[in-house]
Amino acid sequence: MAEAARLAAESVENGWGGPFGTVITMNDEILARGQNRVLLTGDPTAHGEVEAIRKAIQILNPEAPSIAENNNNTSTLQLVPRPDGSPDPLPERARMLMGCTLYTSGAPCPMCMSAIYWSRIDAVYFSADLEATSKIGFSDAFQYEDFQKPLDQRRIHIEQIHPELGEEAYTLWTNKPDNHPY
């Protein structure tokens, strides 16, 4: 946690972004570090947790081709069995960051928590809670509240249109004999 806090302070001191730093560990060793770099990059997804997840994946999956290389159209993600008691309908999924722990200086926002769930990190520890984070001007409460509302009552206009257009890719995925669940 001390390293996550150090990264958070460095982000503020350098003007890169908010006071958020993250480390991901595996086997009690730091695997990856991330800092909020929203102001530096102009990328609203450049949160410490997301940055650390991206780096950890690169370390654990170094053989993954880049889209620019386009030399391998096969997933390099290892599949693992569904954990006992999991509500997952599929028997196996990509390993992602199973076996890793995330430490972050502030409670993760909804975007970061989603990334944490998708990456299958085993545990999350944070220092400052949501109340402390809100007091310094980073409140996520409205997002948590908005997600619980029906689509037609949300702050951002959201509606489904032309479902038949999205269906083609869904059908291709469903019928692909070697689709790789992740």
# chains A, B, ... in the order shown; residues from 1 in each chain; ligands from 1
>>> residues_around(residues="stretch 7-19 of chain A", least_positions_apart="4", cutoff="8 Å", atoms="only C-alpha atoms", output="ChimeraX atom specification")
/A:3,34-41,105
>>> write_last_selection(atoms="N, CA, C and O atoms", output="CSV table (one decimal), in the first residue's frame")
chain,number,residue,atom,x,y,z
A,3,GLU,N,3.6,1.8,-1.6
A,3,GLU,CA,4.0,2.1,-3.0
A,3,GLU,C,2.8,2.7,-3.7
A,3,GLU,O,3.0,3.6,-4.5
A,34,GLY,N,0.6,1.5,-11.5
A,34,GLY,CA,-0.2,2.4,-12.3
A,34,GLY,C,-0.4,3.7,-11.5
A,34,GLY,O,-0.5,3.7,-10.3
A,35,GLN,N,-0.6,4.8,-12.3
A,35,GLN,CA,-0.9,6.1,-11.7
A,35,GLN,C,-2.0,6.8,-12.5
A,35,GLN,O,-2.1,6.6,-13.7
A,36,ASN,N,-2.7,7.6,-11.8
A,36,ASN,CA,-3.7,8.4,-12.6
A,36,ASN,C,-2.9,9.4,-13.5
A,36,ASN,O,-2.1,10.1,-13.0
A,37,ARG,N,-3.2,9.3,-14.8
A,37,ARG,CA,-2.6,10.1,-15.8
A,37,ARG,C,-3.6,10.8,-16.7
A,37,ARG,O,-3.3,11.1,-17.8
A,38,VAL,N,-4.7,11.1,-16.1
A,38,VAL,CA,-5.8,11.7,-16.9
A,38,VAL,C,-5.4,13.1,-17.4
A,38,VAL,O,-5.6,13.4,-18.6
A,39,LEU,N,-4.8,13.9,-16.6
A,39,LEU,CA,-4.4,15.2,-17.0
A,39,LEU,C,-3.2,15.2,-18.0
A,39,LEU,O,-3.2,16.0,-18.9
A,40,LEU,N,-2.4,14.2,-17.8
A,40,LEU,CA,-1.2,14.1,-18.7
A,40,LEU,C,-1.6,13.7,-20.1
A,40,LEU,O,-1.1,14.2,-21.1
A,41,THR,N,-2.5,12.7,-20.2
A,41,THR,CA,-2.9,12.1,-21.5
A,41,THR,C,-4.2,12.7,-22.1
A,41,THR,O,-4.4,12.5,-23.3
A,105,SER,N,-4.6,3.5,-3.7
A,105,SER,CA,-4.6,4.6,-2.7
A,105,SER,C,-6.0,5.0,-2.4
A,105,SER,O,-6.3,5.6,-1.3
>>> select_by_dssp(residues="chain A", states="strand (DSSP E)", output="VMD selection string")
chain A and resid 21 to 26 29 to 35 79 to 81 92 to 94 100 to 106 123 to 128
>>> select_by_dssp(residues="chain A", states="alpha helix (DSSP H)", output="number ranges by chain")
A: 2-14, 38-41, 48-60, 110-119, 130-135, 141-147, 163-175
>>> closest_atom_pairs(of="stretch 97-176 of chain A", to="stretch 47-64 of chain A", cutoff="12 Å", atoms="only C-alpha atoms", output="CSV")
residue,atom,partner,partner_atom,distance
A:Leu97,CA,A:Ile57,CA,7.2
A:Met98,CA,A:Leu60,CA,10.8
A:Gly99,CA,A:Leu60,CA,11.4
A:Cys100,CA,A:Ala56,CA,9.3
A:Thr101,CA,A:Ile53,CA,10.7
A:Leu102,CA,A:Glu49,CA,8.0
A:Tyr103,CA,A:Glu49,CA,8.7
A:Thr104,CA,A:Glu49,CA,7.2
A:Ser105,CA,A:Gly48,CA,9.1
A:Gly106,CA,A:Gly48,CA,9.7
A:Ala107,CA,A:Glu49,CA,10.1
A:Pro108,CA,A:Glu49,CA,7.5
A:Cys109,CA,A:His47,CA,9.1
A:Pro110,CA,A:Glu49,CA,11.2
A:Met111,CA,A:Val50,CA,8.6
A:Cys112,CA,A:Glu49,CA,6.0
A:Met113,CA,A:Glu49,CA,8.6
A:Ser114,CA,A:Val50,CA,9.8
A:Ala115,CA,A:Val50,CA,6.8
A:Ile116,CA,A:Ile53,CA,7.9
A:Tyr117,CA,A:Ile53,CA,11.1
A:Trp118,CA,A:Ile53,CA,10.3
A:Ser119,CA,A:Ile53,CA,7.6
A:Arg120,CA,A:Ile53,CA,10.4
A:Ile121,CA,A:Ile53,CA,9.3
A:Val124,CA,A:Glu49,CA,10.3
A:Tyr125,CA,A:Glu49,CA,11.5
A:Phe126,CA,A:Glu49,CA,10.9
>>> residues_around(residues="A:Pro181", least_positions_apart="4", cutoff="9 Å", atoms="only C-alpha atoms", output="list in words")
Leu79, Leu90, Glu92, Arg93 and Ala94 of chain A
>>> write_last_selection(atoms="all heavy atoms", output="PDB file, in the first residue's frame")
ATOM      1  N   LEU A  79      -6.872 -20.715 -20.790  1.00  0.00           N
ATOM      2  CA  LEU A  79      -8.189 -20.983 -20.215  1.00  0.00           C
ATOM      3  C   LEU A  79      -8.032 -21.744 -18.906  1.00  0.00           C
ATOM      4  O   LEU A  79      -7.158 -22.606 -18.778  1.00  0.00           O
ATOM      5  CB  LEU A  79      -9.043 -21.809 -21.187  1.00  0.00           C
ATOM      6  CG  LEU A  79      -9.489 -21.088 -22.445  1.00  0.00           C
ATOM      7  CD1 LEU A  79     -10.166 -22.054 -23.409  1.00  0.00           C
ATOM      8  CD2 LEU A  79     -10.430 -19.946 -22.109  1.00  0.00           C
ATOM      9  N   LEU A  90     -20.357 -20.595 -18.169  1.00  0.00           N
ATOM     10  CA  LEU A  90     -19.383 -21.310 -18.992  1.00  0.00           C
ATOM     11  C   LEU A  90     -18.440 -22.139 -18.119  1.00  0.00           C
ATOM     12  O   LEU A  90     -18.096 -21.738 -17.008  1.00  0.00           O
ATOM     13  CB  LEU A  90     -18.571 -20.322 -19.829  1.00  0.00           C
ATOM     14  CG  LEU A  90     -19.369 -19.516 -20.855  1.00  0.00           C
ATOM     15  CD1 LEU A  90     -18.460 -18.558 -21.614  1.00  0.00           C
ATOM     16  CD2 LEU A  90     -20.087 -20.436 -21.824  1.00  0.00           C
ATOM     17  N   GLU A  92     -15.273 -22.738 -18.537  1.00  0.00           N
ATOM     18  CA  GLU A  92     -13.926 -22.184 -18.406  1.00  0.00           C
ATOM     19  C   GLU A  92     -13.882 -20.787 -19.005  1.00  0.00           C
ATOM     20  O   GLU A  92     -14.706 -20.411 -19.827  1.00  0.00           O
ATOM     21  CB  GLU A  92     -12.877 -23.087 -19.067  1.00  0.00           C
ATOM     22  CG  GLU A  92     -13.124 -23.375 -20.519  1.00  0.00           C
ATOM     23  CD  GLU A  92     -12.147 -24.381 -21.105  1.00  0.00           C
ATOM     24  OE1 GLU A  92     -11.378 -25.024 -20.346  1.00  0.00           O
ATOM     25  OE2 GLU A  92     -12.127 -24.523 -22.331  1.00  0.00           O
ATOM     26  N   ARG A  93     -12.903 -20.021 -18.533  1.00  0.00           N
ATOM     27  CA  ARG A  93     -12.697 -18.642 -18.980  1.00  0.00           C
ATOM     28  C   ARG A  93     -11.197 -18.397 -19.102  1.00  0.00           C
ATOM     29  O   ARG A  93     -10.381 -19.155 -18.580  1.00  0.00           O
ATOM     30  CB  ARG A  93     -13.250 -17.640 -17.956  1.00  0.00           C
ATOM     31  CG  ARG A  93     -14.736 -17.633 -17.806  1.00  0.00           C
ATOM     32  CD  ARG A  93     -15.366 -16.704 -18.789  1.00  0.00           C
ATOM     33  NE  ARG A  93     -16.811 -16.656 -18.565  1.00  0.00           N
ATOM     34  CZ  ARG A  93     -17.632 -16.034 -19.364  1.00  0.00           C
ATOM     35  NH1 ARG A  93     -17.186 -15.395 -20.407  1.00  0.00           N
ATOM     36  NH2 ARG A  93     -18.915 -16.025 -19.123  1.00  0.00           N
ATOM     37  N   ALA A  94     -10.850 -17.284 -19.710  1.00  0.00           N
ATOM     38  CA  ALA A  94      -9.444 -16.893 -19.782  1.00  0.00           C
ATOM     39  C   ALA A  94      -8.938 -16.535 -18.381  1.00  0.00           C
ATOM     40  O   ALA A  94      -9.662 -15.942 -17.581  1.00  0.00           O
ATOM     41  CB  ALA A  94      -9.277 -15.712 -20.721  1.00  0.00           C
TER      42      ALA A  94
END
>>> atom_distance(atom1="atom CA of A:Leu31", atom2="atom CA of A:Phe138")
27.2 Å
>>> atom_distance(atom1="atom CA of A:Arg33", atom2="atom CA of A:Met1")
11.4 Å
>>> atom_distance(atom1="atom CA of A:Arg95", atom2="atom CA of A:Glu168")
27.4 Å
